[in-house]
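*Asks:* The structure under discussion is supplied below as C-alpha cells; questions concerning it will follow.
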There are 2 protein chains.
Amino acid sequence: MAMAPLILALDFGGTKHTAGLFDLAGPKWLRRNRVFSPPGADANYDRNALLSLANQLLQGQKPSAIGVSFGGPVDALSGCVRLSHHVHGWEGIPLADLLQTEYGCIASVDNDANVAALGEYNFGAGKGLTSLLYITVSTGVGGGWVLDGKVWRGADGMAGEIGHMVVDPQGPVCLCGKRGCVERLASGPYMAQDAREALFNNASNGEILRKLCNEDLSRITGEMVSQAAASGDTIALKVLERGTWGLGVAIGNAANLMNPQRIILGGGVTKSGVLFWDGVRRAARITALPQINIDIIPAALGDDAPLWGAAALGIAALDWKNSS
Amino acid sequence: MAMAPLILALDFGGTKHTAGLFDLAGPKWLRRNRVFSPPGADANYDRNALLSLANQLLQGQKPSAIGVSFGGPVDALSGCVRLSHHVHGWEGIPLADLLQTEYGCIASVDNDANVAALGEYNFGAGKGLTSLLYITVSTGVGGGWVLDGKVWRGADGMAGEIGHMVVDPQGPVCLCGKRGCVERLASGPYMAQDAREALFNNASNGEILRKLCNEDLSRITGEMVSQAAASGDTIALKVLERGTWGLGVAIGNAANLMNPQRIILGGGVTKSGVLFWDGVRRAARITALPQINIDIIPAALGDDAPLWGAAALGIAALDWKNSS
C-alpha cells in the first residue's frame with residue numbers, strides 16, 4: 001500500500017526547538033515533540049538535538065519533504081542561515097542542504113515570522129484569505145506577509161520588518177540606532193524598560209507595578225506592565241498606551257501601503273488583554289484611510305504557528321517539486 | 001494579411017486627456033494625441049472628447065484591447081470609477097463596460113498611480129525587474145506597487161497610499177485629518193503653503209523666494225520653493241528639507257515592510273534637483289535597515305507614464321483573455 005506523504009516540520013527557536021511529523025492524508029499531526037537547549041548551547045548542539053528528536057518521531061520512516069522555521073534571518077532562496085541573534089555558530093550554515101543530504105528529500109527554510117504567517121494562513125486565523133500581514137509582538141516585533149497565497153520575501157529577503165518602521169521621529173532610541181521604531185515602543189522588554197525608568201523618576205506613582213515586582217524594578221517584565229495597566233496603574237497605563245499607539249500607527253501605515261485583507265497578531269505581548277487590543281485597533285483605524293477595511297485579530301495557533309507553518313512550507317516544497 | 005493586435009491606451013487626467021494607439025508588432029506607438037478640458041467640463045464632456053480623439057486615431061481600425069489610466073480611485077476589478085476629485089459626474093461610471101460595448105473588445109481600467117507603475121515596469125525605469133514601488137510627488141503623493149510582475153491592488157483596491165503614511169505624529173494637519181502625512185509634508189501645494197506661512201511670520205527672511213513671487217505670497221508654488229532652495233534661500237531650504245525628509249522616511253519604512261527592488265519617483269516635485277534627491281535618499285537610507293538595498297531613481301517616462309502603462313494594461317488584458 002502506498003503511503004501518503006509525510007512532512008517533517010522543524011522549528012528552531014531561541015532555546016526551545018520543536019519537531020513534528022505531519023501526515024498529508026489526515027491532514028493531521030502524527031507526532032510532535034520538543035527539546036530545550038541548555039545554557040550556552042551552540043548551533044551544532046541545537047541541530048543535533050532537534051535532528052535526533054526528529055529521528056525518534058520518524059521511527060525509520062522517510063519524510064517526503066521538510067519545512068523549517070528558523071528564529072533569525074535566513075536566505076530562503078538558498079536555505080542558508082544568515083545568523084542567529086541568540087545562538088552562536090549559525091552564521092552561513094546551509095541548513096536546507098544539510099537536511100536534504102541527511103533525509104534525501106527536498107527541504108525549505110525560512111525565518112519564523114514568515115513561517116508563522118504561512119502557518120496562520122494555511123491552518124489558523126488566515127484560512128480562506130488571499131492576503132495577510134502577520135506580526136509577532138514579543139521580545140522583538142517582526143512580521144511576515146502572505147500575498148496571493150505566497151510568502152512575500154522582498155528583493156533581499158528582508159520584507160516584513162515592521163518592527164523597524166519609524167512611527168515617532170522624536171521618540172526614544174531603538175537598538176537599531178533610529179528613534180521611535182515600533183519595536184522600541186511596543187516590544188515586551190522595551191515596555192518593561194520604559195516602566196522601570198518612569199518608576200525611578202516618579203517615586204510617588206506606580207504603586208501596583210511596584211507591588212507586582214516586589215519593589216525590585218529590575219524584575220519588571222512586559223507582562224507585569226500589562227497586568228498593572230489592567231489594574232489601573234497609571235505608569236503602566238501610559239507605557240502600554242504608547243506601545244499600542246505605536247503598533248497601531250504602524251499597522252495603519254502598512255494598511256495604507258498594502259491593504260491586506262487581515263492583520264494577525266501573535267506573540268506574548270498580544271496576550272495583554274483588552275487595553276492592548278483596543279489601543280492597537282484605535283490607532284490603526286485612525287491612521288488608515290477610511291476606505292480601507294481594518295481587520296486585526298489574534299493569531300489562532302499561538303506559539304505553535306511556526307511549526308504549523310513549517311509543515312505548510314514542506315507541503316509547498318513538495319507541490320513545487322511535483323509540478324516542476 | 002492578419003493584422004498585429006492594436007492596443008488603445010487612454011489617460012484621463014485632471015484637465016489633460018491623452019489617447020494613443022500602440023502597435024504590438026513594433027512594439028511602438030502608431031499615433032498619440034492630447035485634448036485639454038475647458039474649465040467646468042464634466043465627466044460626460046471629458047469622456048466624449050477623449051473617445052472622439054481615440055476614433056480619430058483609430059481611423060476605422062478596431063482595437064484588440066483597451067487600457068485606461070484614470071486620475072482618481074477606481075475599482076479595477078469591475079472597471080468602475082469610484083470618483084474624481086477634480087471632475088464632476090464620474091461617480092460610479094462603469095468605464096470598462098462602456099468601452100467594451102463601444103469598441104467590442106476587452107477593456108481594463110485602473111488608477112493613474114498603479115498604471116504609471118505598470119508603465120515604468122514594462123517600458124521605463126523598472127524594465128527587467130520583478131518588484132518596484134512607483135511614487136508620484138505632485139499635487140498629491142500617490143503610489144503603485146508592482147510585485148512579481150503584477151500590480152498589487154490590495155483587498156479594497158487601496159494599496160499604494162503612501163501619501164497618507166504618517167511620518168510625523170506631531171506634524172501639521174493634512175487634508176485627510178491626520179497629522180504629519182507624507183503628502184502634507186512633501187506635496188507641491190503643501191510645500192508652497194508652508195513657505196508662505198514661514199515668509200509671513202519671518203519678515204526679514206526668504207529674500208530669494210520673495211523676489212521669485214514678486215512679493216505676492218499667494219503666487220508661491222512648489223516649483224518656486226525648489227528653485228529658491230537651490231539658490232540658498234533659507235526658508236525654502238527648510239521647507240524642502242522637511243518635505244524630502246518626510247518622503248524619505250516613508251520610503252525607508254516602505255522598504256522595511258516590502259523590500260522592493262527599486263523605488264521610482266515621478267511627478268513635478270521630483271524635478272526639484274539635487275537637493276530633493278539627496279534629501280530623500282539620505283532619509284530613506286537611514287530609515288531602512290542596513291541589510292536592505294535602497295535604489296531610488298527618477299521615473300523614465302515622465303508625464304507619459306500613465307499612457308505607457310495603459311498600453312501595458314491593455315496588453316495584459318489581451319494576454320489574460322487569450323489564455324483563459
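Note on naming: chains are A, B, ... as they come in the C-alpha cells, residues start from 1 per chain, ligands start from 1 in the order shown.
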Counting only C-alpha atoms, which residues of chain B come no farther than 9 Å from chain A, as a count of residues only?
*Replies:* 47
*Asks:* Onto chain B, please fit chain A by least squares using all C-alpha atoms in order, then return the transformed chain as a compact mmCIF listing (two decimals) with C-alpha atoms, in the first residue's frame.
*Replies:*
# COMPACT_ATOMS: atom_id res chain seq x y z
CA MET A 1 -2.70 39.61 -44.21
CA ALA A 2 -3.47 39.28 -40.48
CA MET A 3 -2.95 42.50 -38.55
CA ALA A 4 -0.88 42.56 -35.35
CA PRO A 5 -3.01 43.48 -32.32
CA LEU A 6 -3.62 47.18 -31.78
CA ILE A 7 -3.96 48.45 -28.21
CA LEU A 8 -5.96 51.59 -27.50
CA ALA A 9 -4.46 53.41 -24.50
CA LEU A 10 -6.42 56.17 -22.75
CA ASP A 11 -5.30 58.51 -19.98
CA PHE A 12 -7.99 60.55 -18.23
CA GLY A 13 -6.03 63.22 -16.31
CA GLY A 14 -7.46 66.13 -14.38
CA THR A 15 -7.67 68.59 -17.27
CA LYS A 16 -5.47 66.89 -19.85
CA HIS A 17 -6.55 63.68 -21.59
CA THR A 18 -4.40 61.58 -23.87
CA ALA A 19 -5.09 58.75 -26.29
CA GLY A 20 -2.57 56.53 -28.00
CA LEU A 21 -2.61 53.62 -30.42
CA PHE A 22 0.05 51.04 -29.60
CA ASP A 23 1.11 48.51 -32.20
CA LEU A 24 2.21 45.23 -30.63
CA ALA A 25 4.10 44.29 -33.79
CA GLY A 26 6.56 47.15 -33.24
CA PRO A 27 6.13 47.31 -30.40
CA LYS A 28 5.65 51.04 -30.85
CA TRP A 29 3.17 53.91 -30.77
CA LEU A 30 1.43 54.40 -34.11
CA ARG A 31 -0.26 57.64 -33.13
CA ARG A 32 -0.76 59.69 -29.97
CA ASN A 33 -2.71 62.84 -29.26
CA ARG A 34 -3.99 65.02 -26.45
CA VAL A 35 -7.04 67.15 -25.61
CA PHE A 36 -7.50 69.71 -22.87
CA SER A 37 -10.71 70.20 -20.89
CA PRO A 38 -12.26 73.65 -20.79
CA PRO A 39 -12.97 74.97 -17.27
CA GLY A 40 -16.10 73.38 -15.79
CA ALA A 41 -16.08 70.33 -18.08
CA ASP A 42 -17.82 67.33 -16.54
CA ALA A 43 -17.28 63.58 -16.87
CA ASN A 44 -19.56 63.33 -19.85
CA TYR A 45 -17.73 66.05 -21.72
CA ASP A 46 -14.31 64.57 -20.98
CA ARG A 47 -15.39 61.09 -22.00
CA ASN A 48 -16.79 62.25 -25.31
CA ALA A 49 -13.76 64.40 -26.03
CA LEU A 50 -11.29 61.57 -25.41
CA LEU A 51 -13.34 58.99 -27.32
CA SER A 52 -13.67 61.21 -30.37
CA LEU A 53 -9.90 61.71 -30.23
CA ALA A 54 -9.49 57.92 -29.98
CA ASN A 55 -11.72 57.46 -33.04
CA GLN A 56 -9.58 59.89 -35.00
CA LEU A 57 -6.49 57.87 -34.08
CA LEU A 58 -8.16 54.56 -34.94
CA GLN A 59 -9.14 55.74 -38.47
CA GLY A 60 -11.71 52.96 -38.63
CA GLN A 61 -9.42 50.20 -37.31
CA LYS A 62 -10.60 48.07 -34.39
CA PRO A 63 -8.51 47.81 -31.22
CA SER A 64 -7.84 44.34 -29.79
CA ALA A 65 -7.84 45.59 -26.23
CA ILE A 66 -8.14 48.87 -24.32
CA GLY A 67 -6.16 50.01 -21.28
CA VAL A 68 -7.19 53.05 -19.28
CA SER A 69 -5.44 55.20 -16.69
CA PHE A 70 -7.87 57.22 -14.57
CA GLY A 71 -6.83 60.13 -12.35
CA GLY A 72 -8.78 59.04 -9.29
CA PRO A 73 -9.99 56.01 -7.31
CA VAL A 74 -11.20 53.12 -9.45
CA ASP A 75 -12.50 49.63 -8.75
CA ALA A 76 -10.08 47.85 -11.05
CA LEU A 77 -11.91 44.52 -10.74
CA SER A 78 -15.18 45.85 -12.16
CA GLY A 79 -13.65 48.71 -14.11
CA CYS A 80 -15.94 51.22 -12.39
CA VAL A 81 -14.79 54.71 -11.47
CA ARG A 82 -15.33 55.47 -7.79
CA LEU A 83 -14.96 59.22 -8.07
CA SER A 84 -12.87 62.03 -9.44
CA HIS A 85 -11.51 64.67 -7.09
CA HIS A 86 -11.32 67.14 -9.98
CA VAL A 87 -14.16 66.46 -12.40
CA HIS A 88 -17.87 66.28 -11.60
CA GLY A 89 -20.02 63.32 -12.63
CA TRP A 90 -17.63 60.38 -12.59
CA GLU A 91 -19.09 58.65 -9.51
CA GLY A 92 -19.92 55.03 -10.28
CA ILE A 93 -19.41 55.27 -14.06
CA PRO A 94 -18.76 51.71 -15.41
CA LEU A 95 -15.94 52.88 -17.65
CA ALA A 96 -14.62 49.45 -18.67
CA ASP A 97 -18.11 48.25 -19.61
CA LEU A 98 -18.83 51.40 -21.63
CA LEU A 99 -15.62 50.97 -23.60
CA GLN A 100 -16.16 47.25 -24.14
CA THR A 101 -19.61 47.98 -25.57
CA GLU A 102 -18.33 50.87 -27.69
CA TYR A 103 -15.37 49.03 -29.23
CA GLY A 104 -16.32 45.37 -28.87
CA CYS A 105 -13.10 44.36 -27.14
CA ILE A 106 -11.79 43.81 -23.62
CA ALA A 107 -11.06 46.95 -21.56
CA SER A 108 -9.13 47.30 -18.32
CA VAL A 109 -9.17 50.38 -16.06
CA ASP A 110 -7.02 51.36 -13.07
CA ASN A 111 -5.96 54.50 -11.21
CA ASP A 112 -3.09 56.59 -12.56
CA ALA A 113 -0.53 55.63 -9.88
CA ASN A 114 -1.00 51.90 -10.46
CA VAL A 115 -0.99 52.37 -14.23
CA ALA A 116 2.10 54.57 -14.17
CA ALA A 117 3.83 51.92 -12.01
CA LEU A 118 2.98 49.36 -14.68
CA GLY A 119 4.22 51.70 -17.40
CA GLU A 120 7.61 52.22 -15.72
CA TYR A 121 7.81 48.48 -15.05
CA ASN A 122 7.23 47.50 -18.67
CA PHE A 123 8.77 50.36 -20.58
CA GLY A 124 10.67 52.66 -18.21
CA ALA A 125 12.88 52.72 -15.12
CA GLY A 126 11.63 49.33 -13.93
CA LYS A 127 12.38 47.26 -17.03
CA GLY A 128 13.86 43.87 -16.18
CA LEU A 129 12.86 43.99 -12.50
CA THR A 130 10.30 41.86 -10.68
CA SER A 131 9.20 44.34 -7.98
CA LEU A 132 8.99 48.10 -7.61
CA LEU A 133 7.23 50.90 -5.82
CA TYR A 134 6.31 53.86 -8.01
CA ILE A 135 5.59 57.15 -6.25
CA THR A 136 4.24 60.30 -7.84
CA VAL A 137 5.02 63.51 -5.93
CA SER A 138 2.97 66.29 -7.37
CA THR A 139 -0.29 67.98 -6.28
CA GLY A 140 -0.69 64.90 -4.07
CA VAL A 141 1.54 61.97 -3.21
CA GLY A 142 0.39 58.59 -4.50
CA GLY A 143 1.94 55.24 -5.17
CA GLY A 144 1.60 51.99 -7.03
CA TRP A 145 3.17 48.57 -6.47
CA VAL A 146 4.33 46.04 -8.99
CA LEU A 147 5.12 42.74 -7.25
CA ASP A 148 6.08 39.58 -9.14
CA GLY A 149 5.35 41.45 -12.33
CA LYS A 150 1.75 42.33 -11.44
CA VAL A 151 0.06 45.42 -9.97
CA TRP A 152 -0.67 44.78 -6.28
CA ARG A 153 -4.00 46.47 -5.54
CA GLY A 154 -4.85 45.14 -2.09
CA ALA A 155 -8.10 43.84 -0.66
CA ASP A 156 -10.07 47.06 -1.22
CA GLY A 157 -8.07 48.26 -4.22
CA MET A 158 -6.45 50.84 -1.95
CA ALA A 159 -2.82 49.67 -1.83
CA GLY A 160 -0.12 52.23 -2.61
CA GLU A 161 -1.47 55.08 -0.47
CA ILE A 162 1.99 56.07 0.73
CA GLY A 163 0.89 59.72 0.70
CA HIS A 164 -1.09 59.09 3.85
CA MET A 165 1.58 57.27 5.77
CA VAL A 166 2.11 59.18 9.02
CA VAL A 167 5.78 60.07 9.43
CA ASP A 168 5.51 62.84 12.01
CA PRO A 169 2.70 62.42 14.55
CA GLN A 170 3.47 65.91 15.91
CA GLY A 171 3.45 67.42 12.43
CA PRO A 172 0.95 69.71 10.69
CA VAL A 173 -2.59 68.53 9.90
CA CYS A 174 -3.25 67.01 6.47
CA LEU A 175 -6.40 67.28 4.34
CA CYS A 176 -7.21 63.72 5.48
CA GLY A 177 -7.41 64.87 9.11
CA LYS A 178 -4.24 63.23 10.40
CA ARG A 179 -1.00 64.90 11.45
CA GLY A 180 2.27 64.55 9.58
CA CYS A 181 1.24 62.55 6.49
CA VAL A 182 3.85 62.41 3.72
CA GLU A 183 1.52 64.31 1.41
CA ARG A 184 1.17 67.09 4.00
CA LEU A 185 4.95 67.49 4.13
CA ALA A 186 6.12 66.76 0.59
CA SER A 187 3.42 67.63 -1.98
CA GLY A 188 3.91 70.76 -4.09
CA PRO A 189 0.91 72.79 -2.84
CA TYR A 190 1.62 72.00 0.83
CA MET A 191 5.30 72.95 0.50
CA ALA A 192 4.14 76.21 -1.10
CA GLN A 193 1.73 76.77 1.80
CA ASP A 194 4.44 76.07 4.39
CA ALA A 195 6.79 78.52 2.67
CA ARG A 196 4.04 81.16 2.51
CA GLU A 197 3.38 80.87 6.25
CA ALA A 198 7.07 80.97 7.11
CA LEU A 199 7.55 84.11 4.99
CA PHE A 200 4.55 85.72 6.62
CA ASN A 201 6.00 85.01 10.07
CA ASN A 202 9.59 85.99 9.22
CA ALA A 203 9.54 89.40 7.62
CA SER A 204 13.34 89.56 7.44
CA ASN A 205 13.97 86.18 5.79
CA GLY A 206 13.40 84.45 2.48
CA GLU A 207 14.57 87.19 0.14
CA ILE A 208 15.05 84.94 -2.88
CA LEU A 209 11.62 83.40 -2.57
CA ARG A 210 10.05 86.85 -2.12
CA LYS A 211 11.69 87.99 -5.32
CA LEU A 212 10.56 84.90 -7.23
CA CYS A 213 6.91 85.53 -6.36
CA ASN A 214 7.22 89.30 -6.82
CA GLU A 215 6.35 89.84 -3.14
CA ASP A 216 2.93 88.25 -3.79
CA LEU A 217 2.93 85.29 -1.38
CA SER A 218 -0.27 83.88 -2.89
CA ARG A 219 1.63 83.14 -6.10
CA ILE A 220 4.18 80.83 -4.48
CA THR A 221 4.27 77.33 -5.97
CA GLY A 222 6.12 74.16 -5.03
CA GLU A 223 8.36 74.80 -8.03
CA MET A 224 9.33 78.23 -6.66
CA VAL A 225 10.22 76.65 -3.33
CA SER A 226 12.58 74.23 -5.08
CA GLN A 227 14.08 76.96 -7.20
CA ALA A 228 14.63 79.27 -4.22
CA ALA A 229 16.12 76.41 -2.17
CA ALA A 230 18.59 75.69 -4.96
CA SER A 231 19.67 79.34 -4.79
CA GLY A 232 20.19 79.10 -1.03
CA ASP A 233 17.00 80.73 0.29
CA THR A 234 16.92 79.70 3.97
CA ILE A 235 13.14 79.48 4.29
CA ALA A 236 12.75 77.49 1.09
CA LEU A 237 15.59 75.20 2.18
CA LYS A 238 13.86 74.44 5.47
CA VAL A 239 10.55 73.62 3.79
CA LEU A 240 12.19 71.45 1.14
CA GLU A 241 14.29 69.69 3.77
CA ARG A 242 11.23 68.76 5.80
CA GLY A 243 9.41 67.53 2.69
CA THR A 244 12.27 65.38 1.47
CA TRP A 245 12.87 64.08 4.98
CA GLY A 246 9.21 63.01 5.26
CA LEU A 247 9.19 61.37 1.85
CA GLY A 248 12.48 59.61 2.57
CA VAL A 249 11.28 58.26 5.91
CA ALA A 250 8.14 56.91 4.22
CA ILE A 251 10.23 55.23 1.53
CA GLY A 252 12.52 53.73 4.18
CA ASN A 253 9.51 52.45 6.10
CA ALA A 254 8.04 51.00 2.91
CA ALA A 255 11.37 49.32 2.17
CA ASN A 256 11.43 47.77 5.65
CA LEU A 257 7.93 46.45 5.08
CA MET A 258 8.14 45.24 1.47
CA ASN A 259 11.78 45.37 0.36
CA PRO A 260 11.08 46.14 -3.33
CA GLN A 261 13.96 46.01 -5.81
CA ARG A 262 13.59 49.65 -6.76
CA ILE A 263 11.67 52.80 -5.86
CA ILE A 264 10.81 55.04 -8.81
CA LEU A 265 9.80 58.66 -8.28
CA GLY A 266 7.81 60.73 -10.76
CA GLY A 267 5.72 63.90 -10.69
CA GLY A 268 6.54 67.62 -10.77
CA VAL A 269 8.17 67.86 -7.34
CA THR A 270 10.82 65.30 -8.33
CA LYS A 271 12.14 67.79 -10.86
CA SER A 272 13.45 69.91 -7.96
CA GLY A 273 17.08 68.95 -8.51
CA VAL A 274 19.88 67.57 -6.41
CA LEU A 275 18.68 68.90 -3.03
CA PHE A 276 15.45 66.96 -3.44
CA TRP A 277 17.12 63.69 -4.41
CA ASP A 278 19.86 63.92 -1.80
CA GLY A 279 17.35 64.63 0.96
CA VAL A 280 15.03 61.79 0.01
CA ARG A 281 17.84 59.26 -0.44
CA ARG A 282 19.53 60.20 2.84
CA ALA A 283 16.37 59.84 4.93
CA ALA A 284 15.37 56.59 3.21
CA ARG A 285 18.85 55.10 3.74
CA ILE A 286 18.82 55.95 7.45
CA THR A 287 15.29 54.63 7.94
CA ALA A 288 15.69 51.29 6.17
CA LEU A 289 17.64 48.52 7.88
CA PRO A 290 21.23 48.26 6.61
CA GLN A 291 20.60 44.81 5.05
CA ILE A 292 18.02 46.34 2.72
CA ASN A 293 19.29 47.65 -0.59
CA ILE A 294 17.84 51.09 -1.37
CA ASP A 295 17.66 52.11 -5.02
CA ILE A 296 15.69 55.30 -5.63
CA ILE A 297 15.68 56.63 -9.19
CA PRO A 298 13.69 59.06 -11.32
CA ALA A 299 10.84 57.85 -13.50
CA ALA A 300 11.92 57.42 -17.11
CA LEU A 301 8.61 58.09 -18.84
CA GLY A 302 7.74 61.38 -17.15
CA ASP A 303 4.17 62.56 -17.69
CA ASP A 304 3.65 59.85 -20.29
CA ALA A 305 3.97 57.02 -17.74
CA PRO A 306 0.17 56.61 -17.41
CA LEU A 307 -0.28 56.30 -21.19
CA TRP A 308 2.54 53.75 -21.48
CA GLY A 309 1.02 51.94 -18.51
CA ALA A 310 -2.42 52.00 -20.15
CA ALA A 311 -0.87 50.23 -23.14
CA ALA A 312 0.66 47.65 -20.77
CA LEU A 313 -2.72 47.22 -19.05
CA GLY A 314 -4.37 46.60 -22.44
CA ILE A 315 -1.67 44.10 -23.40
CA ALA A 316 -2.12 42.28 -20.07
CA ALA A 317 -5.90 42.14 -20.62
CA LEU A 318 -5.29 40.69 -24.07
CA ASP A 319 -2.92 38.02 -22.70
CA TRP A 320 -5.40 37.18 -20.01
CA LYS A 321 -8.25 36.86 -22.51
CA ASN A 322 -6.21 34.64 -24.81
CA SER A 323 -5.05 32.32 -22.04
CA SER A 324 -8.44 31.89 -20.36
*Asks:* Identify all residues of range 61-129 of chain B in strand (DSSP E) (DSSP on the backbone) and supply them as a PyMOL selection string.
*Replies:* chain B and resi 65-70+74-75+80-81+106-111
*Asks:* Store the residues of this selection in a file with N, CA and C atoms, as an mmCIF file, in the first residue's frame.
*Replies:*
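selection_6.cif, freshly written:
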data_model
loop_
_atom_site.group_PDB
_atom_site.id
_atom_site.type_symbol
_atom_site.label_atom_id
_atom_site.label_comp_id
_atom_site.auth_asym_id
_atom_site.auth_seq_id
_atom_site.Cartn_x
_atom_site.Cartn_y
_atom_site.Cartn_z
ATOM 1 N N ALA B 65 -7.640 45.448 -27.682
ATOM 2 C CA ALA B 65 -7.840 45.599 -26.242
ATOM 3 C C ALA B 65 -7.651 47.077 -25.896
ATOM 4 N N ILE B 66 -8.231 47.478 -24.759
ATOM 5 C CA ILE B 66 -8.144 48.866 -24.317
ATOM 6 C C ILE B 66 -7.615 48.895 -22.888
ATOM 7 N N GLY B 67 -6.645 49.764 -22.641
ATOM 8 C CA GLY B 67 -6.155 50.003 -21.288
ATOM 9 C C GLY B 67 -6.384 51.451 -20.925
ATOM 10 N N VAL B 68 -6.829 51.688 -19.690
ATOM 11 C CA VAL B 68 -7.190 53.041 -19.279
ATOM 12 C C VAL B 68 -6.540 53.427 -17.956
ATOM 13 N N SER B 69 -5.908 54.591 -17.945
ATOM 14 C CA SER B 69 -5.445 55.200 -16.701
ATOM 15 C C SER B 69 -6.439 56.273 -16.297
ATOM 16 N N PHE B 70 -6.911 56.205 -15.036
ATOM 17 C CA PHE B 70 -7.872 57.201 -14.578
ATOM 18 C C PHE B 70 -7.307 57.965 -13.381
ATOM 19 N N VAL B 74 -10.512 53.976 -8.511
ATOM 20 C CA VAL B 74 -11.189 53.110 -9.466
ATOM 21 C C VAL B 74 -11.337 51.729 -8.836
ATOM 22 N N ASP B 75 -12.427 51.033 -9.109
ATOM 23 C CA ASP B 75 -12.495 49.615 -8.768
ATOM 24 C C ASP B 75 -11.987 48.836 -9.972
ATOM 25 N N CYS B 80 -15.103 50.054 -12.729
ATOM 26 C CA CYS B 80 -15.950 51.205 -12.404
ATOM 27 C C CYS B 80 -15.127 52.315 -11.756
ATOM 28 N N VAL B 81 -15.398 53.553 -12.152
ATOM 29 C CA VAL B 81 -14.794 54.697 -11.486
ATOM 30 C C VAL B 81 -15.486 54.901 -10.147
ATOM 31 N N ILE B 106 -12.010 43.764 -25.094
ATOM 32 C CA ILE B 106 -11.787 43.799 -23.657
ATOM 33 C C ILE B 106 -11.166 45.141 -23.243
ATOM 34 N N ALA B 107 -11.609 45.670 -22.080
ATOM 35 C CA ALA B 107 -11.066 46.943 -21.581
ATOM 36 C C ALA B 107 -10.716 46.793 -20.110
ATOM 37 N N SER B 108 -9.607 47.392 -19.696
ATOM 38 C CA SER B 108 -9.121 47.283 -18.329
ATOM 39 C C SER B 108 -8.798 48.685 -17.814
ATOM 40 N N VAL B 109 -9.281 49.007 -16.609
ATOM 41 C CA VAL B 109 -9.165 50.370 -16.068
ATOM 42 C C VAL B 109 -8.493 50.312 -14.707
ATOM 43 N N ASP B 110 -7.589 51.257 -14.428
ATOM 44 C CA ASP B 110 -7.022 51.356 -13.084
ATOM 45 C C ASP B 110 -6.639 52.811 -12.808
ATOM 46 N N ASN B 111 -6.309 53.099 -11.551
ATOM 47 C CA ASN B 111 -5.946 54.484 -11.222
ATOM 48 C C ASN B 111 -4.555 54.835 -11.738
#
*Asks:* Quick one: pick out all helix (DSSP H, G or I) residues within range 22-241 of chain A from a backbone DSSP run and write them as JSON, numbers by chain.
*Replies:* {"A": [43, 44, 45, 46, 47, 48, 49, 50, 51, 52, 53, 54, 55, 56, 57, 58, 95, 96, 97, 98, 99, 100, 101, 102, 103, 112, 113, 114, 115, 116, 117, 118, 119, 120, 121, 122, 123, 162, 163, 164, 182, 183, 184, 185, 186, 188, 189, 190, 191, 192, 193, 194, 195, 196, 197, 198, 199, 200, 201, 207, 208, 209, 210, 211, 212, 217, 218, 219, 222, 223, 224, 225, 226, 227, 228, 229, 230, 234, 235, 236, 237, 238, 239, 240, 241]}
